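Step one of this worksheet: look at the structure below.
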Amino acid sequence: MKLGQIFITGLLALCCLTANGLGNTVASAIVAAPVKPDFQRLRWKSKTIKIAISSSVTRANSNIKTDSDVIGAIRRSFQAWSNATAIDIEIDFSDRQNVSASGPSGDGVSLITIAQTQENVLFFSKDAESASAKTRIFYNRKGFITEADIVLSPFQQFSTDGTFGTFDLQSTLTHEIGHMLGLRHSGVLGATMAESFARNGAMGLVDLSTRTLAESDIAAIRELYGTTSESEDCCSVISGKLVTTAGRPGKGLQVWAEESGSGRVMAQAESAADGTFRMGGLQSGEYS
């Protein structure tokens, strides 16, 4: 990871983390982690985050179906995350069009754009056919995000009514806002932060479920920013270290926590190079 910026891509189709509590937990085949794990901890320092919406998104655009509820999709996608965690997203509107250039810092404005400018087109030069959106994040040496720009692909078509062959605008924005807040892709199928989802009408279906956060998405974002209410039973942590039968670190393995009663996947993580893993933001309970 290059210090100063990262690229987190919303694939063509289009991340999962972990807090601290006293919940009863069950974790199998692990031993206590003796070293500090290398978890992703990028997040905003302030829980009030200002985002500018480019006029390229709100005005008539050949990439967004006419009569789409663009403003509604934007507000609902932000609200999904605000409802789940202790952040306040302030939306403003701007005539800015371009993603900030690659480098150690951006232009100071976190922007959502779909403008067909040279800078934005070049951002998709390697995956114009496969990416629906991309997020460029700038952060400092302390791991705090200082700016994040979302670019909806000028090569794709979007709608808000499930039109066949288009990407759902609200689902795409909800996913990318997760990246903007610091989340990576999730290995949980059906989660908002899953690595990919299809265009409307794939397999003959219109699936808008990714507009709504899955339990694993909620746990991941609460690991970074906490919960919205002190009355909520949150947040607990499951952590440990995976080792092979030969005693070697179990690195790069997908680990998930299932609620013992229902079998629902409530959190997911990938083990670090030393085999350690951590899943937080969980409600107190029993997990396998």
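By order of appearance in the structure tokens: chains A, B, ..., then residues from 1 within every chain, and ligands from 1 in the order shown.
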
Exercise. Within 8 Å of A:Val57, counting only C-alpha atoms, which residues qualify if same-chain residues fewer than 5 places away don't, as a count of residues only?
Worked result: 5

Exercise. Quick one: residues within 7 Å of A:Asp168, only C-alpha atoms counted, chain neighbours fewer than 5 positions away excluded, as a list of chain:residue names?
Worked result: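 The contact residues come out as A:Phe158, A:Ser159, A:Thr160, A:Gly162, A:Asn200.
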
Problem set entry | Counting only C-alpha atoms, the option among A:Arg184, A:Arg75, A:Arg278, A:Asp161 closest to A:Leu208 |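 Selected residue with least distance to A:Leu208: A:Asp161.
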
Exercise. Tell me, which residues of stretch 32-246 of chain A carry DSSP alpha helix (DSSP H), written as a ChimeraX atom specification?
Worked result: /A:55-58,70-84,118-123,169-180,215-225

Using N, CA and C atoms, can you write the selected residues to a file as a compact mmCIF listing (two decimals), in the first residue's frame?
```txt
# COMPACT_ATOMS: atom_id res chain seq x y z
N SER A 55 -21.91 18.64 -9.96
CA SER A 55 -23.06 18.94 -10.82
C SER A 55 -23.19 17.93 -11.95
N SER A 56 -22.10 17.23 -12.26
CA SER A 56 -22.16 16.21 -13.31
C SER A 56 -23.09 15.06 -12.93
N VAL A 57 -23.31 14.86 -11.63
CA VAL A 57 -24.19 13.80 -11.15
C VAL A 57 -25.64 14.26 -11.11
N THR A 58 -25.85 15.50 -10.74
CA THR A 58 -27.22 15.98 -10.52
C THR A 58 -27.91 16.53 -11.77
N VAL A 70 -31.95 10.62 -8.62
CA VAL A 70 -30.53 10.73 -8.29
C VAL A 70 -30.33 11.27 -6.87
N ILE A 71 -30.95 12.37 -6.54
CA ILE A 71 -30.78 12.97 -5.22
C ILE A 71 -31.25 12.01 -4.13
N GLY A 72 -32.37 11.36 -4.37
CA GLY A 72 -32.87 10.39 -3.40
C GLY A 72 -31.92 9.24 -3.20
N ALA A 73 -31.33 8.74 -4.30
CA ALA A 73 -30.37 7.64 -4.21
C ALA A 73 -29.13 8.06 -3.43
N ILE A 74 -28.67 9.28 -3.65
CA ILE A 74 -27.50 9.79 -2.93
C ILE A 74 -27.80 9.88 -1.44
N ARG A 75 -28.91 10.48 -1.09
CA ARG A 75 -29.25 10.66 0.33
C ARG A 75 -29.48 9.32 1.03
N ARG A 76 -30.15 8.40 0.38
CA ARG A 76 -30.41 7.10 1.00
C ARG A 76 -29.14 6.28 1.17
N SER A 77 -28.22 6.40 0.22
CA SER A 77 -26.97 5.64 0.34
C SER A 77 -26.12 6.15 1.50
N PHE A 78 -26.08 7.46 1.71
CA PHE A 78 -25.38 8.01 2.88
C PHE A 78 -26.11 7.64 4.17
N GLN A 79 -27.44 7.70 4.14
CA GLN A 79 -28.21 7.44 5.34
C GLN A 79 -28.05 6.00 5.83
N ALA A 80 -27.84 5.07 4.91
CA ALA A 80 -27.65 3.67 5.30
C ALA A 80 -26.47 3.53 6.26
N TRP A 81 -25.39 4.24 5.99
CA TRP A 81 -24.21 4.18 6.84
C TRP A 81 -24.39 5.03 8.10
N SER A 82 -25.03 6.18 7.98
CA SER A 82 -25.26 7.03 9.15
C SER A 82 -26.16 6.34 10.16
N ASN A 83 -27.11 5.54 9.69
CA ASN A 83 -28.00 4.82 10.59
C ASN A 83 -27.27 3.73 11.36
N ALA A 84 -26.19 3.22 10.78
CA ALA A 84 -25.50 2.08 11.38
C ALA A 84 -24.40 2.47 12.34
N GLN A 118 -11.08 14.21 -18.91
CA GLN A 118 -9.90 13.40 -19.19
C GLN A 118 -9.39 12.70 -17.94
N GLU A 119 -9.36 13.42 -16.82
CA GLU A 119 -8.87 12.84 -15.58
C GLU A 119 -9.71 11.65 -15.13
N ASN A 120 -11.03 11.80 -15.22
CA ASN A 120 -11.90 10.72 -14.79
C ASN A 120 -11.85 9.52 -15.73
N VAL A 121 -11.77 9.79 -17.03
CA VAL A 121 -11.66 8.71 -18.00
C VAL A 121 -10.36 7.93 -17.80
N LEU A 122 -9.27 8.64 -17.56
CA LEU A 122 -7.98 7.98 -17.32
C LEU A 122 -7.99 7.13 -16.06
N PHE A 123 -8.81 7.52 -15.10
CA PHE A 123 -8.92 6.75 -13.86
C PHE A 123 -9.40 5.32 -14.13
N LEU A 169 -27.92 2.70 -9.20
CA LEU A 169 -27.15 3.85 -8.72
C LEU A 169 -27.03 3.83 -7.19
N GLN A 170 -28.12 3.54 -6.49
CA GLN A 170 -28.08 3.56 -5.03
C GLN A 170 -27.18 2.46 -4.48
N SER A 171 -27.26 1.26 -5.04
CA SER A 171 -26.40 0.16 -4.59
C SER A 171 -24.92 0.49 -4.83
N THR A 172 -24.63 1.04 -6.00
CA THR A 172 -23.25 1.39 -6.33
C THR A 172 -22.71 2.44 -5.37
N LEU A 173 -23.51 3.49 -5.12
CA LEU A 173 -23.07 4.55 -4.21
C LEU A 173 -22.92 4.03 -2.78
N THR A 174 -23.85 3.19 -2.32
CA THR A 174 -23.75 2.66 -0.96
C THR A 174 -22.45 1.87 -0.81
N HIS A 175 -22.12 1.06 -1.80
CA HIS A 175 -20.87 0.30 -1.79
C HIS A 175 -19.65 1.23 -1.75
N GLU A 176 -19.63 2.21 -2.64
CA GLU A 176 -18.47 3.09 -2.72
C GLU A 176 -18.34 3.98 -1.49
N ILE A 177 -19.45 4.38 -0.89
CA ILE A 177 -19.38 5.17 0.34
C ILE A 177 -18.75 4.33 1.45
N GLY A 178 -19.01 3.02 1.45
CA GLY A 178 -18.32 2.14 2.39
C GLY A 178 -16.81 2.23 2.23
N HIS A 179 -16.35 2.24 0.98
CA HIS A 179 -14.92 2.43 0.72
C HIS A 179 -14.47 3.81 1.19
N MET A 180 -15.26 4.82 0.88
CA MET A 180 -14.95 6.20 1.27
C MET A 180 -14.75 6.31 2.78
N GLU A 215 -25.46 -7.64 8.07
CA GLU A 215 -24.91 -7.62 9.42
C GLU A 215 -23.39 -7.44 9.41
N SER A 216 -22.72 -8.07 8.45
CA SER A 216 -21.26 -7.97 8.38
C SER A 216 -20.81 -6.56 8.01
N ASP A 217 -21.59 -5.86 7.17
CA ASP A 217 -21.28 -4.47 6.85
C ASP A 217 -21.41 -3.59 8.09
N ILE A 218 -22.46 -3.82 8.86
CA ILE A 218 -22.70 -3.02 10.07
C ILE A 218 -21.61 -3.26 11.09
N ALA A 219 -21.21 -4.52 11.29
CA ALA A 219 -20.14 -4.81 12.24
C ALA A 219 -18.84 -4.14 11.81
N ALA A 220 -18.55 -4.18 10.50
CA ALA A 220 -17.31 -3.60 9.99
C ALA A 220 -17.24 -2.10 10.22
N ILE A 221 -18.34 -1.40 9.94
CA ILE A 221 -18.31 0.06 10.08
C ILE A 221 -18.33 0.45 11.55
N ARG A 222 -18.99 -0.32 12.41
CA ARG A 222 -19.00 -0.02 13.84
C ARG A 222 -17.64 -0.27 14.48
N GLU A 223 -16.85 -1.15 13.89
CA GLU A 223 -15.49 -1.33 14.37
C GLU A 223 -14.68 -0.05 14.23
N LEU A 224 -14.96 0.70 13.18
CA LEU A 224 -14.22 1.93 12.92
C LEU A 224 -14.77 3.14 13.67
N TYR A 225 -16.10 3.25 13.76
CA TYR A 225 -16.70 4.49 14.25
C TYR A 225 -17.64 4.32 15.44
```

Exercise. Do you know which residues are at most 8 Å from stretch 39-54 of chain A counting only C-alpha atoms, after dropping those on the same chain fewer than 2 positions away, and could you put them as a VMD selection string?
Worked result: chain A and resid 17 37 56 to 58 86 to 97 109 to 114 139 143 to 146 181 to 183 224 to 225 272 277 to 278

Written file, previous selection with N, CA, C and O atoms, as a CSV table (one decimal), in the first residue's frame:
```
chain,number,residue,atom,x,y,z
A,17,LEU,N,-14.1,-5.5,8.5
A,17,LEU,CA,-13.3,-5.4,9.7
A,17,LEU,C,-14.0,-5.8,10.9
A,17,LEU,O,-14.9,-6.4,11.0
A,37,PRO,N,-1.7,-7.6,15.5
A,37,PRO,CA,-2.1,-7.9,14.1
A,37,PRO,C,-2.1,-6.7,13.2
A,37,PRO,O,-2.3,-5.6,13.7
A,56,SER,N,-22.1,17.2,-12.3
A,56,SER,CA,-22.2,16.2,-13.3
A,56,SER,C,-23.1,15.1,-12.9
A,56,SER,O,-23.6,14.4,-13.8
A,57,VAL,N,-23.3,14.9,-11.6
A,57,VAL,CA,-24.2,13.8,-11.2
A,57,VAL,C,-25.6,14.3,-11.1
A,57,VAL,O,-26.6,13.5,-11.4
A,58,THR,N,-25.9,15.5,-10.7
A,58,THR,CA,-27.2,16.0,-10.5
A,58,THR,C,-27.9,16.5,-11.8
A,58,THR,O,-29.1,16.6,-11.8
A,86,ALA,N,-21.8,5.9,14.2
A,86,ALA,CA,-21.8,7.2,14.8
A,86,ALA,C,-21.0,8.2,13.9
A,86,ALA,O,-20.0,8.8,14.3
A,87,ILE,N,-21.6,8.4,12.7
A,87,ILE,CA,-21.0,9.4,11.8
A,87,ILE,C,-22.1,10.3,11.3
A,87,ILE,O,-23.3,9.9,11.2
A,88,ASP,N,-21.7,11.5,11.0
A,88,ASP,CA,-22.7,12.5,10.4
A,88,ASP,C,-22.1,13.0,9.1
A,88,ASP,O,-21.0,13.6,9.0
A,89,ILE,N,-22.8,12.7,8.0
A,89,ILE,CA,-22.3,13.0,6.7
A,89,ILE,C,-23.0,14.3,6.2
A,89,ILE,O,-24.3,14.3,6.1
A,90,GLU,N,-22.3,15.3,5.9
A,90,GLU,CA,-22.8,16.6,5.4
A,90,GLU,C,-22.7,16.7,3.9
A,90,GLU,O,-21.5,16.6,3.4
A,91,ILE,N,-23.8,16.8,3.2
A,91,ILE,CA,-23.7,16.9,1.7
A,91,ILE,C,-23.8,18.3,1.2
A,91,ILE,O,-24.6,19.1,1.7
A,92,ASP,N,-22.9,18.6,0.3
A,92,ASP,CA,-23.0,19.9,-0.4
A,92,ASP,C,-22.9,19.7,-1.9
A,92,ASP,O,-22.7,18.5,-2.3
A,93,PHE,N,-23.1,20.7,-2.7
A,93,PHE,CA,-23.1,20.6,-4.1
A,93,PHE,C,-22.0,21.5,-4.7
A,93,PHE,O,-21.7,22.6,-4.2
A,94,SER,N,-21.4,21.0,-5.8
A,94,SER,CA,-20.2,21.7,-6.3
A,94,SER,C,-20.2,21.6,-7.8
A,94,SER,O,-20.8,20.7,-8.4
A,95,ASP,N,-19.5,22.6,-8.4
A,95,ASP,CA,-19.3,22.5,-9.9
A,95,ASP,C,-18.0,21.8,-10.2
A,95,ASP,O,-17.6,21.7,-11.4
A,96,ARG,N,-17.3,21.3,-9.2
A,96,ARG,CA,-16.1,20.5,-9.5
A,96,ARG,C,-16.4,19.3,-10.2
A,96,ARG,O,-17.5,18.7,-10.0
A,97,GLN,N,-15.5,18.8,-11.1
A,97,GLN,CA,-15.8,17.7,-11.9
A,97,GLN,C,-14.8,16.5,-11.8
A,97,GLN,O,-15.1,15.4,-12.0
A,109,VAL,N,-11.1,18.5,-1.3
A,109,VAL,CA,-12.6,18.3,-1.4
A,109,VAL,C,-12.9,16.9,-1.7
A,109,VAL,O,-12.4,16.3,-2.7
A,110,SER,N,-13.7,16.2,-0.9
A,110,SER,CA,-14.2,14.9,-1.1
A,110,SER,C,-15.4,15.0,-2.1
A,110,SER,O,-16.4,15.6,-1.8
A,111,LEU,N,-15.2,14.4,-3.3
A,111,LEU,CA,-16.2,14.6,-4.4
A,111,LEU,C,-16.8,13.3,-4.9
A,111,LEU,O,-16.1,12.3,-4.9
A,112,ILE,N,-18.0,13.4,-5.3
A,112,ILE,CA,-18.7,12.3,-6.1
A,112,ILE,C,-19.0,12.9,-7.4
A,112,ILE,O,-19.7,13.9,-7.6
A,113,THR,N,-18.4,12.2,-8.5
A,113,THR,CA,-18.5,12.8,-9.8
A,113,THR,C,-18.8,11.6,-10.8
A,113,THR,O,-18.4,10.5,-10.6
A,114,ILE,N,-19.3,12.0,-12.0
A,114,ILE,CA,-19.4,11.1,-13.1
A,114,ILE,C,-19.1,11.8,-14.4
A,114,ILE,O,-19.3,11.3,-15.5
A,139,TYR,N,-4.8,9.6,2.7
A,139,TYR,CA,-4.7,9.5,4.2
A,139,TYR,C,-3.3,9.9,4.7
A,139,TYR,O,-2.4,10.0,3.9
A,143,GLY,N,-2.9,7.3,9.7
A,143,GLY,CA,-4.0,6.4,9.2
A,143,GLY,C,-5.4,7.0,9.2
A,143,GLY,O,-6.4,6.4,9.0
A,144,PHE,N,-5.4,8.4,9.2
A,144,PHE,CA,-6.7,9.1,9.1
A,144,PHE,C,-6.9,9.5,7.7
A,144,PHE,O,-6.0,10.1,7.0
A,145,ILE,N,-8.1,9.2,7.2
A,145,ILE,CA,-8.5,9.7,5.8
A,145,ILE,C,-8.6,11.2,5.8
A,145,ILE,O,-9.3,11.8,6.7
A,146,THR,N,-8.0,11.8,4.8
A,146,THR,CA,-8.1,13.2,4.7
A,146,THR,C,-9.0,13.7,3.5
A,146,THR,O,-9.4,14.8,3.4
A,181,LEU,N,-15.5,5.5,3.5
A,181,LEU,CA,-15.4,5.5,5.0
A,181,LEU,C,-14.3,4.7,5.5
A,181,LEU,O,-14.0,4.7,6.7
A,182,GLY,N,-13.6,3.9,4.7
A,182,GLY,CA,-12.5,3.1,5.1
A,182,GLY,C,-12.6,1.6,5.0
A,182,GLY,O,-11.7,0.9,5.4
A,183,LEU,N,-13.7,1.1,4.5
A,183,LEU,CA,-13.9,-0.4,4.4
A,183,LEU,C,-13.3,-0.9,3.1
A,183,LEU,O,-13.3,-0.3,2.1
A,224,LEU,N,-15.0,0.7,13.2
A,224,LEU,CA,-14.2,1.9,12.9
A,224,LEU,C,-14.8,3.1,13.7
A,224,LEU,O,-14.0,4.0,14.2
A,225,TYR,N,-16.1,3.2,13.8
A,225,TYR,CA,-16.7,4.5,14.2
A,225,TYR,C,-17.6,4.3,15.4
A,225,TYR,O,-18.2,5.3,16.0
A,272,ALA,N,-4.1,-12.1,8.9
A,272,ALA,CA,-2.8,-11.3,8.5
A,272,ALA,C,-1.7,-12.3,8.2
A,272,ALA,O,-1.8,-13.5,8.3
A,277,PHE,N,-6.2,-12.6,13.3
A,277,PHE,CA,-7.4,-12.0,12.8
A,277,PHE,C,-8.2,-11.3,13.9
A,277,PHE,O,-8.0,-11.6,15.1
A,278,ARG,N,-9.1,-10.5,13.5
A,278,ARG,CA,-9.9,-9.7,14.4
A,278,ARG,C,-11.2,-9.3,13.7
A,278,ARG,O,-11.2,-8.9,12.6
```

Exercise. Which residues come within 9 Å of A:Pro154, counting only C-alpha atoms, excluding same-chain residues fewer than 2 positions away, as a VMD selection string?
Worked result: chain A and resid 62 to 63 114 to 117 120 to 121 124 128 132 to 133 151 to 152 156 to 157

Exercise. Can you list, as a PyMOL selection string, every protein, DNA or RNA residue that comes within 10 Å of stretch 261-267 of chain A when you count only C-alpha atoms, leaving out same-chain residues fewer than 6 positions away?
Worked result: chain A and resi 16-18+186-189+191+214-220+237-238+255+278-283+285-288

For this session: Pick out each residue of stretch 74-112 of chain A that DSSP on the backbone tags as strand (DSSP E or B); I need them as a list in words.
Result: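 So, restricting stretch 74-112 of chain A to strand (DSSP E or B), we get Asp88, Ile89, Glu90, Ile91, Asp92, Phe93, Ser94, Leu111 and Ile112 of chain A.
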